[in-house]
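The next block is work.tsv, given as TSV, C-alpha atoms and all ligand atoms.
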```
chain	number	residue	atom	x	y	z
A	671	MET	CA	-154.14	23.88	-196.43
A	672	HIS	CA	-151.61	21.11	-196.97
A	673	PRO	CA	-149.42	21.74	-200.05
A	674	SER	CA	-150.34	18.37	-201.57
A	675	GLN	CA	-154.08	18.93	-201.08
A	676	HIS	CA	-154.59	19.44	-204.83
A	677	ALA	CA	-152.00	16.97	-206.07
A	678	PRO	CA	-153.58	13.97	-207.82
A	679	SER	CA	-154.02	10.74	-205.95
A	680	PHE	CA	-156.19	7.62	-206.13
A	681	HIS	CA	-159.82	7.05	-205.19
A	682	THR	CA	-160.49	3.53	-203.91
A	683	ARG	CA	-162.80	1.70	-201.53
A	684	ILE	CA	-160.12	2.17	-198.86
A	685	THR	CA	-159.91	5.95	-199.27
A	686	ASP	CA	-163.72	5.99	-198.91
A	687	LEU	CA	-163.77	3.62	-195.92
A	688	PHE	CA	-161.13	5.51	-193.95
A	689	GLY	CA	-161.92	8.97	-195.32
A	690	ILE	CA	-158.30	9.50	-196.38
A	691	ARG	CA	-156.66	11.26	-199.34
A	692	HIS	CA	-154.21	8.50	-200.25
A	693	PRO	CA	-154.70	4.70	-200.24
A	694	LEU	CA	-151.73	4.25	-197.93
A	695	LEU	CA	-151.86	2.72	-194.47
A	696	LEU	CA	-149.04	2.69	-191.96
A	697	GLY	CA	-149.50	-0.64	-190.16
A	698	GLY	CA	-148.97	-1.13	-186.45
A	699	MET	CA	-145.31	-1.02	-185.41
A	700	HIS	CA	-144.40	-2.41	-182.03
A	701	ILE	CA	-142.42	0.18	-179.96
A	702	LEU	CA	-142.33	2.65	-182.88
A	703	GLY	CA	-146.01	3.06	-183.81
A	704	GLU	CA	-146.83	5.96	-181.53
A	705	SER	CA	-148.38	9.40	-181.92
A	706	GLY	CA	-145.43	11.25	-183.52
A	707	LEU	CA	-145.12	8.90	-186.48
A	708	VAL	CA	-148.82	8.13	-186.85
A	709	ALA	CA	-149.85	11.80	-186.79
A	710	ALA	CA	-147.26	12.65	-189.45
A	711	VAL	CA	-148.69	9.99	-191.81
A	712	VAL	CA	-152.27	11.08	-191.08
A	713	ASN	CA	-151.43	14.76	-191.64
A	714	ALA	CA	-149.96	13.79	-195.01
A	715	GLY	CA	-153.23	12.14	-196.08
A	716	GLY	CA	-152.67	8.47	-195.15
A	717	MET	CA	-153.94	6.40	-192.22
A	718	GLY	CA	-151.76	5.25	-189.34
A	719	PHE	CA	-152.37	2.96	-186.39
A	720	ILE	CA	-151.02	3.55	-182.90
A	721	THR	CA	-149.83	0.17	-181.66
A	722	ALA	CA	-151.66	-0.55	-178.41
A	723	ARG	CA	-149.40	-3.36	-177.21
A	724	SER	CA	-146.41	-0.98	-177.10
A	725	PHE	CA	-147.86	0.79	-174.07
A	726	PRO	CA	-147.38	-0.50	-170.52
A	727	SER	CA	-150.97	0.28	-169.48
A	728	PRO	CA	-154.33	1.42	-170.89
A	729	ASP	CA	-153.70	4.85	-169.33
A	730	ALA	CA	-150.37	5.18	-171.15
A	731	LEU	CA	-152.18	4.28	-174.39
A	732	ARG	CA	-154.88	6.86	-173.59
A	733	ALA	CA	-152.25	9.57	-173.06
A	734	ASP	CA	-150.68	8.85	-176.45
A	735	LEU	CA	-154.09	8.88	-178.19
A	736	ARG	CA	-154.64	12.34	-176.72
A	737	ARG	CA	-151.22	13.46	-177.98
A	738	CYS	CA	-152.14	12.15	-181.43
A	739	HIS	CA	-155.47	14.02	-181.43
A	740	ALA	CA	-153.55	17.22	-180.65
A	741	LEU	CA	-150.98	16.55	-183.37
A	742	THR	CA	-153.59	15.79	-186.06
A	743	GLY	CA	-155.87	18.66	-185.07
A	744	GLY	CA	-158.74	16.18	-184.63
A	745	GLN	CA	-158.24	14.28	-187.92
A	746	PRO	CA	-159.05	10.59	-187.52
A	747	PHE	CA	-156.28	8.10	-186.86
A	748	GLY	CA	-156.28	4.43	-185.92
A	749	VAL	CA	-155.26	1.91	-183.29
A	750	ASN	CA	-153.58	-1.43	-183.97
A	751	ILE	CA	-154.70	-4.41	-181.89
A	752	THR	CA	-152.07	-7.12	-182.21
A	753	LEU	CA	-153.22	-10.40	-180.70
A	754	ALA	CA	-150.84	-12.93	-179.20
A	755	ARG	CA	-150.80	-16.49	-180.49
A	756	ARG	CA	-151.94	-17.71	-177.06
A	757	ALA	CA	-155.62	-16.77	-176.69
A	758	ASP	CA	-155.29	-16.42	-172.89
A	759	ALA	CA	-152.71	-13.66	-173.40
A	760	ASN	CA	-155.26	-11.45	-175.13
A	761	ALA	CA	-157.25	-10.13	-172.18
A	762	ALA	CA	-155.83	-6.62	-172.76
A	763	ALA	CA	-157.29	-6.37	-176.28
A	764	GLN	CA	-160.79	-5.50	-175.07
A	765	ASP	CA	-159.32	-2.80	-172.76
A	766	TRP	CA	-157.41	-1.27	-175.67
A	767	ILE	CA	-160.59	-1.16	-177.77
A	768	ARG	CA	-162.59	0.38	-174.91
A	769	VAL	CA	-159.98	3.09	-174.28
A	770	ALA	CA	-159.64	3.85	-178.00
A	771	LEU	CA	-163.41	4.16	-178.48
A	772	GLN	CA	-163.66	6.38	-175.40
A	773	GLU	CA	-160.98	8.61	-176.92
A	774	GLY	CA	-162.89	8.94	-180.19
A	775	VAL	CA	-160.86	6.47	-182.27
A	776	ARG	CA	-162.98	4.69	-184.90
A	777	HIS	CA	-160.37	3.05	-187.12
A	778	PHE	CA	-158.80	-0.24	-186.06
A	779	GLU	CA	-156.28	-2.67	-187.51
A	780	SER	CA	-156.05	-6.17	-186.04
A	781	ALA	CA	-153.36	-8.78	-186.58
A	782	GLY	CA	-151.73	-11.82	-185.03
A	783	GLY	CA	-154.84	-13.98	-184.54
A	784	PRO	CA	-158.46	-14.40	-185.64
A	785	PRO	CA	-160.41	-11.12	-185.28
A	786	GLY	CA	-163.74	-12.73	-184.28
A	787	GLU	CA	-163.89	-11.32	-180.75
A	788	LEU	CA	-162.90	-7.82	-181.86
A	789	VAL	CA	-165.50	-7.24	-184.58
A	790	GLY	CA	-168.50	-6.89	-182.25
A	791	PRO	CA	-167.05	-4.38	-179.74
A	792	ILE	CA	-165.49	-2.28	-182.50
A	793	GLN	CA	-168.50	-2.15	-184.82
A	794	GLN	CA	-171.01	-1.67	-181.97
A	795	GLY	CA	-168.84	1.27	-180.86
A	796	GLY	CA	-169.22	2.80	-184.33
A	797	GLY	CA	-165.76	1.71	-185.51
A	798	ILE	CA	-164.39	-0.08	-188.55
A	799	LEU	CA	-161.87	-2.91	-188.57
A	800	ILE	CA	-159.28	-3.92	-191.13
A	801	HIS	CA	-157.78	-7.30	-190.34
A	802	LYS	CA	-154.21	-8.02	-191.42
A	803	CYS	CA	-153.24	-11.60	-192.21
A	804	PRO	CA	-150.79	-13.60	-194.29
A	805	SER	CA	-152.93	-16.00	-196.30
A	806	VAL	CA	-156.05	-16.02	-198.45
A	807	ARG	CA	-157.55	-18.65	-196.16
A	808	HIS	CA	-157.20	-16.29	-193.17
A	809	ALA	CA	-158.53	-13.39	-195.26
A	810	LEU	CA	-161.69	-15.30	-196.18
A	811	SER	CA	-162.21	-16.38	-192.60
A	812	ALA	CA	-161.82	-12.75	-191.41
A	813	GLU	CA	-164.34	-11.70	-194.04
A	814	ARG	CA	-166.80	-14.26	-192.68
A	815	CYS	CA	-166.25	-12.78	-189.18
A	816	GLY	CA	-167.57	-9.47	-190.55
A	817	VAL	CA	-164.43	-7.31	-190.79
A	818	ASP	CA	-164.78	-4.19	-192.94
A	819	ALA	CA	-161.57	-4.73	-194.92
A	820	VAL	CA	-158.61	-7.04	-195.17
A	821	ALA	CA	-154.88	-6.33	-195.39
A	822	LEU	CA	-153.01	-9.24	-196.94
A	823	VAL	CA	-149.26	-9.40	-196.41
A	824	GLY	CA	-146.68	-11.44	-198.28
A	825	MET	CA	-143.55	-13.17	-197.01
A	826	GLU	CA	-141.56	-9.97	-197.61
A	827	GLU	CA	-143.33	-8.27	-194.69
A	828	GLY	CA	-141.12	-6.82	-191.95
A	829	GLY	CA	-142.09	-8.43	-188.63
A	830	HIS	CA	-144.22	-11.58	-188.54
A	831	PRO	CA	-145.40	-12.63	-192.01
A	832	GLY	CA	-146.72	-15.94	-190.66
A	833	ALA	CA	-146.17	-19.31	-192.24
A	834	ASN	CA	-147.24	-18.04	-195.66
A	835	PRO	CA	-144.48	-18.72	-198.19
A	836	LEU	CA	-145.99	-16.59	-200.97
A	837	PRO	CA	-144.74	-13.15	-201.97
A	838	THR	CA	-147.07	-10.15	-201.85
A	839	PHE	CA	-148.05	-10.04	-205.51
A	840	VAL	CA	-148.82	-13.76	-205.83
A	841	ASN	CA	-150.77	-13.68	-202.57
A	842	GLY	CA	-152.58	-10.53	-203.73
A	843	ALA	CA	-153.52	-11.80	-207.18
A	844	HIS	CA	-154.83	-14.99	-205.57
A	845	ALA	CA	-156.86	-13.08	-202.94
A	846	LEU	CA	-158.40	-10.75	-205.50
A	847	GLN	CA	-160.11	-13.77	-207.08
A	848	SER	CA	-162.12	-14.45	-203.93
A	849	VAL	CA	-162.06	-11.67	-201.30
A	850	SER	CA	-165.04	-9.30	-201.60
A	851	VAL	CA	-164.33	-6.65	-198.94
A	852	PRO	CA	-161.81	-3.85	-199.67
A	853	LEU	CA	-158.34	-5.38	-199.85
A	854	VAL	CA	-154.95	-3.77	-199.27
A	855	LEU	CA	-151.63	-5.44	-199.91
A	856	GLY	CA	-148.45	-5.18	-197.91
A	857	GLY	CA	-144.99	-6.67	-197.63
A	858	GLY	CA	-141.94	-5.36	-199.45
A	859	ILE	CA	-143.63	-2.17	-200.66
A	860	GLY	CA	-141.24	0.75	-200.41
A	861	THR	CA	-141.66	2.71	-203.65
A	862	GLY	CA	-144.43	4.55	-205.47
A	863	ARG	CA	-144.04	2.23	-208.47
A	864	GLN	CA	-145.01	-0.70	-206.25
A	865	ILE	CA	-148.06	1.19	-204.97
A	866	ALA	CA	-149.13	1.78	-208.59
A	867	ALA	CA	-148.54	-1.91	-209.30
A	868	ALA	CA	-150.66	-2.98	-206.32
A	869	LEU	CA	-153.48	-0.71	-207.49
A	870	ALA	CA	-153.10	-1.99	-211.07
A	871	LEU	CA	-153.42	-5.50	-209.68
A	872	GLY	CA	-156.80	-4.46	-208.30
A	873	ALA	CA	-155.95	-3.80	-204.66
A	874	ASP	CA	-157.63	-0.89	-202.87
A	875	GLY	CA	-154.42	0.31	-201.24
A	876	VAL	CA	-151.23	-0.69	-199.50
A	877	VAL	CA	-150.10	-1.24	-195.92
A	878	MET	CA	-146.51	-0.34	-195.15
A	879	GLY	CA	-144.07	-0.45	-192.26
A	880	SER	CA	-140.39	-0.96	-193.02
A	881	ARG	CA	-140.07	2.08	-195.32
A	882	PHE	CA	-141.18	4.26	-192.39
A	883	MET	CA	-138.56	2.84	-190.01
A	884	VAL	CA	-136.23	5.60	-191.20
A	885	ALA	CA	-138.76	8.45	-191.03
A	886	ALA	CA	-137.53	11.42	-189.01
A	887	GLU	CA	-140.41	11.04	-186.51
A	888	THR	CA	-139.77	7.33	-185.86
A	889	ALA	CA	-138.53	6.94	-182.29
A	890	ALA	CA	-135.39	4.99	-183.16
A	891	HIS	CA	-131.75	6.05	-182.92
A	892	ASP	CA	-130.33	7.63	-186.08
A	893	ALA	CA	-127.58	4.99	-186.09
A	894	LEU	CA	-130.24	2.33	-186.63
A	895	LYS	CA	-131.86	4.35	-189.41
A	896	ARG	CA	-128.47	4.83	-191.10
A	897	ARG	CA	-127.79	1.09	-190.79
A	898	ILE	CA	-131.12	0.28	-192.48
A	899	ILE	CA	-130.44	2.73	-195.30
A	900	ALA	CA	-126.92	1.34	-195.79
A	901	SER	CA	-128.20	-2.28	-195.80
A	902	GLY	CA	-130.34	-1.79	-198.91
A	903	VAL	CA	-132.97	-4.26	-200.05
A	904	ASN	CA	-130.84	-7.26	-199.07
A	905	GLY	CA	-130.66	-6.15	-195.45
A	906	SER	CA	-133.30	-8.48	-193.98
A	907	ILE	CA	-133.38	-12.20	-193.13
A	908	THR	CA	-135.90	-14.48	-191.46
A	909	ILE	CA	-135.36	-16.09	-188.09
A	910	MET	CA	-137.41	-18.52	-185.96
A	911	ASP	CA	-138.62	-20.44	-189.02
A	912	SER	CA	-137.70	-23.65	-187.20
A	913	LEU	CA	-140.16	-22.72	-184.42
A	914	SER	CA	-142.92	-22.07	-187.03
A	915	ASP	CA	-142.82	-18.44	-185.93
A	916	THR	CA	-141.15	-16.77	-188.91
A	917	TRP	CA	-139.86	-13.30	-188.12
A	918	ARG	CA	-138.39	-11.03	-190.81
A	919	VAL	CA	-135.70	-8.83	-189.29
A	920	LEU	CA	-132.63	-6.72	-189.89
A	921	ASP	CA	-129.66	-8.92	-190.79
A	922	ASN	CA	-127.42	-8.10	-187.83
A	923	ALA	CA	-125.27	-9.91	-185.29
A	924	ALA	CA	-128.24	-10.68	-183.01
A	925	ALA	CA	-130.26	-12.20	-185.87
A	926	ARG	CA	-127.32	-14.33	-186.97
A	927	GLU	CA	-126.88	-15.53	-183.38
A	928	VAL	CA	-130.55	-16.58	-183.28
A	929	ARG	CA	-130.03	-18.51	-186.52
A	930	ARG	CA	-126.93	-20.17	-185.05
A	931	LEU	CA	-128.93	-21.26	-181.97
A	932	GLU	CA	-131.72	-22.60	-184.21
A	933	ALA	CA	-129.15	-24.59	-186.21
A	934	SER	CA	-127.83	-26.05	-182.95
A	935	GLY	CA	-131.32	-27.31	-182.11
A	936	VAL	CA	-132.81	-24.61	-179.85
A	937	ARG	CA	-136.60	-24.73	-180.26
A	938	ARG	CA	-138.16	-22.94	-177.27
A	939	HIS	CA	-138.65	-19.16	-177.29
A	940	ALA	CA	-137.40	-18.89	-173.70
A	941	ASP	CA	-134.09	-20.49	-174.63
A	942	PHE	CA	-133.15	-17.54	-176.85
A	943	GLY	CA	-133.06	-15.45	-173.69
A	944	ASP	CA	-132.32	-11.74	-173.95
A	945	LEU	CA	-131.76	-12.00	-177.68
A	946	ILE	CA	-135.48	-12.02	-178.51
A	947	LEU	CA	-137.36	-11.30	-175.31
A	948	SER	CA	-135.67	-8.58	-173.36
A	949	SER	CA	-136.71	-4.93	-173.24
A	950	ARG	CA	-133.09	-4.21	-172.29
A	951	THR	CA	-131.70	-5.35	-175.66
A	952	ARG	CA	-134.56	-3.59	-177.38
A	953	GLU	CA	-133.60	-0.35	-175.65
A	954	LYS	CA	-129.97	-0.85	-176.59
A	955	VAL	CA	-130.92	-1.02	-180.26
A	956	TYR	CA	-133.70	1.55	-180.53
A	957	ARG	CA	-132.65	4.08	-177.92
A	958	ASP	CA	-128.86	3.74	-177.72
A	959	GLY	CA	-128.26	2.90	-181.39
A	960	ASP	CA	-126.29	-0.29	-180.68
A	961	VAL	CA	-127.50	-1.75	-183.97
A	962	GLU	CA	-126.06	-5.26	-183.60
A	963	ALA	CA	-127.34	-5.86	-180.06
A	964	GLY	CA	-130.92	-7.02	-180.61
A	965	ILE	CA	-133.58	-8.10	-183.07
A	966	VAL	CA	-135.21	-5.41	-185.21
A	967	SER	CA	-138.31	-6.20	-187.29
A	968	LEU	CA	-137.56	-5.14	-190.84
A	969	GLY	CA	-138.32	-6.15	-194.41
A	970	PRO	CA	-136.56	-5.31	-197.68
A	971	ALA	CA	-138.77	-2.25	-198.23
A	972	GLY	CA	-136.66	-0.37	-195.67
A	973	GLY	CA	-133.80	-0.58	-198.13
A	974	PHE	CA	-135.56	1.69	-200.62
A	975	ALA	CA	-134.87	4.67	-198.35
A	976	ASP	CA	-131.89	6.81	-199.30
A	977	ASP	CA	-132.00	9.25	-196.39
A	978	ILE	CA	-133.88	10.16	-193.23
A	979	HIS	CA	-136.90	12.29	-194.19
A	980	PRO	CA	-140.09	13.34	-192.39
A	981	ALA	CA	-142.91	10.80	-192.79
A	982	GLY	CA	-145.02	13.40	-194.64
A	983	TRP	CA	-142.24	13.79	-197.21
A	984	ILE	CA	-142.13	10.01	-197.65
A	985	VAL	CA	-145.91	9.81	-198.19
A	986	GLU	CA	-145.86	12.63	-200.75
A	987	ARG	CA	-142.93	11.09	-202.59
A	988	LEU	CA	-144.55	7.64	-202.64
A	989	ILE	CA	-147.89	8.92	-203.92
A	990	GLY	CA	-146.25	11.32	-206.41
A	991	ASP	CA	-144.20	8.44	-207.83
A	992	ALA	CA	-147.26	6.16	-207.91
A	993	VAL	CA	-149.20	8.78	-209.90
A	994	GLU	CA	-146.28	9.19	-212.28
A	995	ALA	CA	-145.98	5.41	-212.76
A	996	THR	CA	-149.70	5.14	-213.46
A	997	ARG	CA	-149.54	7.92	-216.04
A	998	SER	CA	-146.61	6.35	-217.79
A	999	LEU	CA	-148.42	2.99	-217.84
A	1000	GLY	CA	-151.41	4.71	-219.43
A	1001	GLN	CA	-149.14	6.19	-222.09
A	1002	ARG	CA	-147.95	2.72	-223.04
A	1003	LEU	CA	-151.47	1.65	-224.00
A	1004	VAL	CA	-151.75	1.53	-227.78
A	1005	ALA	CA	-154.33	0.41	-230.25
A	1006	LEU	CA	-152.54	-2.18	-232.33
A	1007	PRO	CA	-153.00	-1.91	-236.10
A	1101	LIG	C1	-140.52	-2.54	-186.74
A	1101	LIG	C2	-141.84	-3.16	-187.10
A	1101	LIG	C3	-142.73	-3.49	-186.11
A	1101	LIG	C4	-143.97	-4.05	-186.43
A	1101	LIG	N1	-144.84	-4.34	-185.43
A	1101	LIG	C5	-146.10	-4.75	-185.74
A	1101	LIG	C6	-147.07	-4.94	-184.71
A	1101	LIG	O1	-146.80	-4.78	-183.53
A	1101	LIG	N2	-148.33	-5.30	-185.09
A	1101	LIG	C7	-148.66	-5.49	-186.41
A	1101	LIG	O2	-149.84	-5.78	-186.70
A	1101	LIG	N3	-147.76	-5.34	-187.40
A	1101	LIG	C8	-146.49	-4.98	-187.10
A	1101	LIG	N4	-145.58	-4.79	-188.10
A	1101	LIG	C9	-145.98	-5.03	-189.51
A	1101	LIG	C10	-146.46	-3.72	-190.16
A	1101	LIG	O3	-147.62	-3.25	-189.59
A	1101	LIG	C11	-146.75	-3.92	-191.66
A	1101	LIG	O4	-147.74	-4.90	-191.82
A	1101	LIG	C12	-145.51	-4.36	-192.40
A	1101	LIG	O5	-144.43	-3.57	-192.02
A	1101	LIG	C13	-145.71	-4.27	-193.91
A	1101	LIG	O6	-144.62	-4.84	-194.59
A	1101	LIG	P1	-143.28	-3.99	-194.91
A	1101	LIG	O7	-142.51	-3.98	-193.64
A	1101	LIG	O8	-142.63	-4.82	-195.95
A	1101	LIG	O9	-143.70	-2.64	-195.38
A	1101	LIG	C14	-144.32	-4.28	-187.80
A	1101	LIG	C15	-143.39	-3.97	-188.80
A	1101	LIG	C16	-142.15	-3.41	-188.47
A	1101	LIG	C17	-141.19	-3.09	-189.58
```
Transcribe the structure of this file into structure tokens.
Amino acid sequence: MHPSQHAPSFHTRITDLFGIRHPLLLGGMHILGESGLVAAVVNAGGMGFITARSFPSPDALRADLRRCHALTGGQPFGVNITLARRADANAAAQDWIRVALQEGVRHFESAGGPPGELVGPIQQGGGILIHKCPSVRHALSAERCGVDAVALVGMEEGGHPGANPLPTFVNGAHALQSVSVPLVLGGGIGTGRQIAAALALGADGVVMGSRFMVAAETAAHDALKRRIIASGVNGSITIMDSLSDTWRVLDNAAAREVRRLEASGVRRHADFGDLILSSRTREKVYRDGDVEAGIVSLGPAGGFADDIHPAGWIVERLIGDAVEATRSLGQRLVALP
């Protein structure tokens, strides 16, 4: 039995929907969201999503799903289906869903575009879908498409927070006035206190990414993890705003070069060349630890880490701190004379 099996946690519509102990989801993470990291979060009582688009073929995805099954001892885990902005680039999405369902996966996270064409195949296959989006308008439209839950992210989100200018807690408070399906919040969440605050707001859970960039299991060079830890909460900036494709990333030499090109008038993705598109620069950063060489998705939440720890340790710490924060909030309640 896991040591934290009897530790207190939170019961929400999301823990019921996903059958998990803690209302904590690890969102899809391009390149990094594979079986090692996802299984560690699942084994600690959260839910994680293997990121389908990171794999070169459906068979490579299938192999990693099998690895994850072995690592979790059969406990359920999820698959992230990130859609491209161009609809014609999304042919692979149905293959990813088919392979995942064949391999027994029933939990899906979608992002990047409207989930309409995913809902049918997933639900008819016995699965559930949480759709991640940046605005209340998108959340309501996903709800109308029939998704089972919504993840709403604020502008603090590491990766692609969309054109939404609102921070997580404003976005969340707004959404809670109108969204009916279970709702999780994400973007900038890197401490247990913030999880307690999201639950106090009325959310059913949180979705996280950046804080897990420095987990021991994350397949990134230790030099990158150390750089993220050293950068603190001010270590991210946004790029590509001028192309209406806002991307929140580690503030490094590559990101500053992208900003310089934007300031000089560059407006087409292709014209940023290797800086944003190449798997070679990506490998330099993630595999070789050349932390200035390429763009790294990252939000301020990564800066809450103070060391490299196993993902299970991070989950326990986050939930333990959230419980503590909730208790101390309860103790502040007084009946005024
Ligand atoms: C390195 C990295 C890669 C990501 N890649 C994806 C992705 O491929 N698909 C996706 O839906 N979300 C992706 N995200 C977003 C996360 O799933 C999650 O929504 C986000 O990290 C939450 O905000 P936070 O970073 O402030 O915790 C990525 C985030 C990071 C940090």
Item to complete: Identify, on the basis of only C-alpha atoms, every residue whose closest approach to range 765-782 of chain A does not exceed 8 Å; exclude the query and any residue fewer than 3 positions from it along the same chain; express the result as a ChimeraX atom specification.
Response: /A:688,697-698,719,722,728,731-732,735-736,746-755,761-762,785,791-792,795-803
Worksheet item: How many Å separate CA of Val851 in chain A from CA of Leu810 in chain A?
Response: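 Taking CA of Val851 in chain A as the start and CA of Leu810 in chain A as the end point, the length is 9.5 Å.
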Practice prompt. Step by step, measure atom-to-atom distances between ligand LIG 1101 (chain A) and each residue using only C-alpha atoms and all ligand atoms, keep those at most 6 Å, then write them as a ChimeraX atom specification.
Written response: /A:697-700,752,781,826-829,856-859,877-881,967-969,971
Selection to disk with C-alpha atoms, as a JSON list (two decimals), keeping the file's coordinate frame:
```json
[["chain", "number", "residue", "atom", "x", "y", "z"],
["A", 697, "GLY", "CA", -149.50, -0.64, -190.16],
["A", 698, "GLY", "CA", -148.97, -1.13, -186.45],
["A", 699, "MET", "CA", -145.31, -1.02, -185.41],
["A", 700, "HIS", "CA", -144.40, -2.41, -182.03],
["A", 752, "THR", "CA", -152.07, -7.12, -182.21],
["A", 781, "ALA", "CA", -153.36, -8.78, -186.58],
["A", 826, "GLU", "CA", -141.56, -9.97, -197.61],
["A", 827, "GLU", "CA", -143.33, -8.27, -194.69],
["A", 828, "GLY", "CA", -141.12, -6.82, -191.95],
["A", 829, "GLY", "CA", -142.09, -8.43, -188.63],
["A", 856, "GLY", "CA", -148.45, -5.18, -197.91],
["A", 857, "GLY", "CA", -144.99, -6.67, -197.63],
["A", 858, "GLY", "CA", -141.94, -5.36, -199.45],
["A", 859, "ILE", "CA", -143.63, -2.17, -200.66],
["A", 877, "VAL", "CA", -150.10, -1.24, -195.92],
["A", 878, "MET", "CA", -146.51, -0.34, -195.15],
["A", 879, "GLY", "CA", -144.07, -0.45, -192.26],
["A", 880, "SER", "CA", -140.39, -0.96, -193.02],
["A", 881, "ARG", "CA", -140.07, 2.08, -195.32],
["A", 967, "SER", "CA", -138.31, -6.20, -187.29],
["A", 968, "LEU", "CA", -137.56, -5.14, -190.84],
["A", 969, "GLY", "CA", -138.32, -6.15, -194.41],
["A", 971, "ALA", "CA", -138.77, -2.25, -198.23]]
```
Practice prompt. Please provide the set of residues having any atom within 7 Å of Pro693 in chain A, restricted to only C-alpha atoms, with same-chain residues fewer than 5 positions apart removed, written as a list in words.
Written response: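 Those residues are Phe680, Thr682, Ile684, Thr685, Gly716, Asp874, Gly875 and Val876 of chain A.
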Worksheet item: Smallest atom-to-atom distance to Arg756 in chain A: which of A:Pro784, A:Trp983, A:Gly715, A:Arg723, using all atoms listed in the file?
Response: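 Closest residue, counting all atoms listed in the file: A:Pro784.
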Fill in: Contacts of Ser901 in chain A within 10 Å, all atoms listed in the file, excl. fewer than 5 positions in-chain, as a PyMOL selection string
chain A and resi 895-896+906+920-922+970+972-975
Same residues, C-alpha atoms, saved as a tab-separated table (two decimals), in the frame of the given file:
```tsv
chain	number	residue	atom	x	y	z
A	895	LYS	CA	-131.86	4.35	-189.41
A	896	ARG	CA	-128.47	4.83	-191.10
A	906	SER	CA	-133.30	-8.48	-193.98
A	920	LEU	CA	-132.63	-6.72	-189.89
A	921	ASP	CA	-129.66	-8.92	-190.79
A	922	ASN	CA	-127.42	-8.10	-187.83
A	970	PRO	CA	-136.56	-5.31	-197.68
A	972	GLY	CA	-136.66	-0.37	-195.67
A	973	GLY	CA	-133.80	-0.58	-198.13
A	974	PHE	CA	-135.56	1.69	-200.62
A	975	ALA	CA	-134.87	4.67	-198.35
```
Item to complete: Just give me the residues with any atom within 8 Å of (-137.4, -12.2, -181.1), file coordinates, counting all atoms listed in the file, written as a ChimeraX atom specification.
Response: /A:910,917,945-947,965
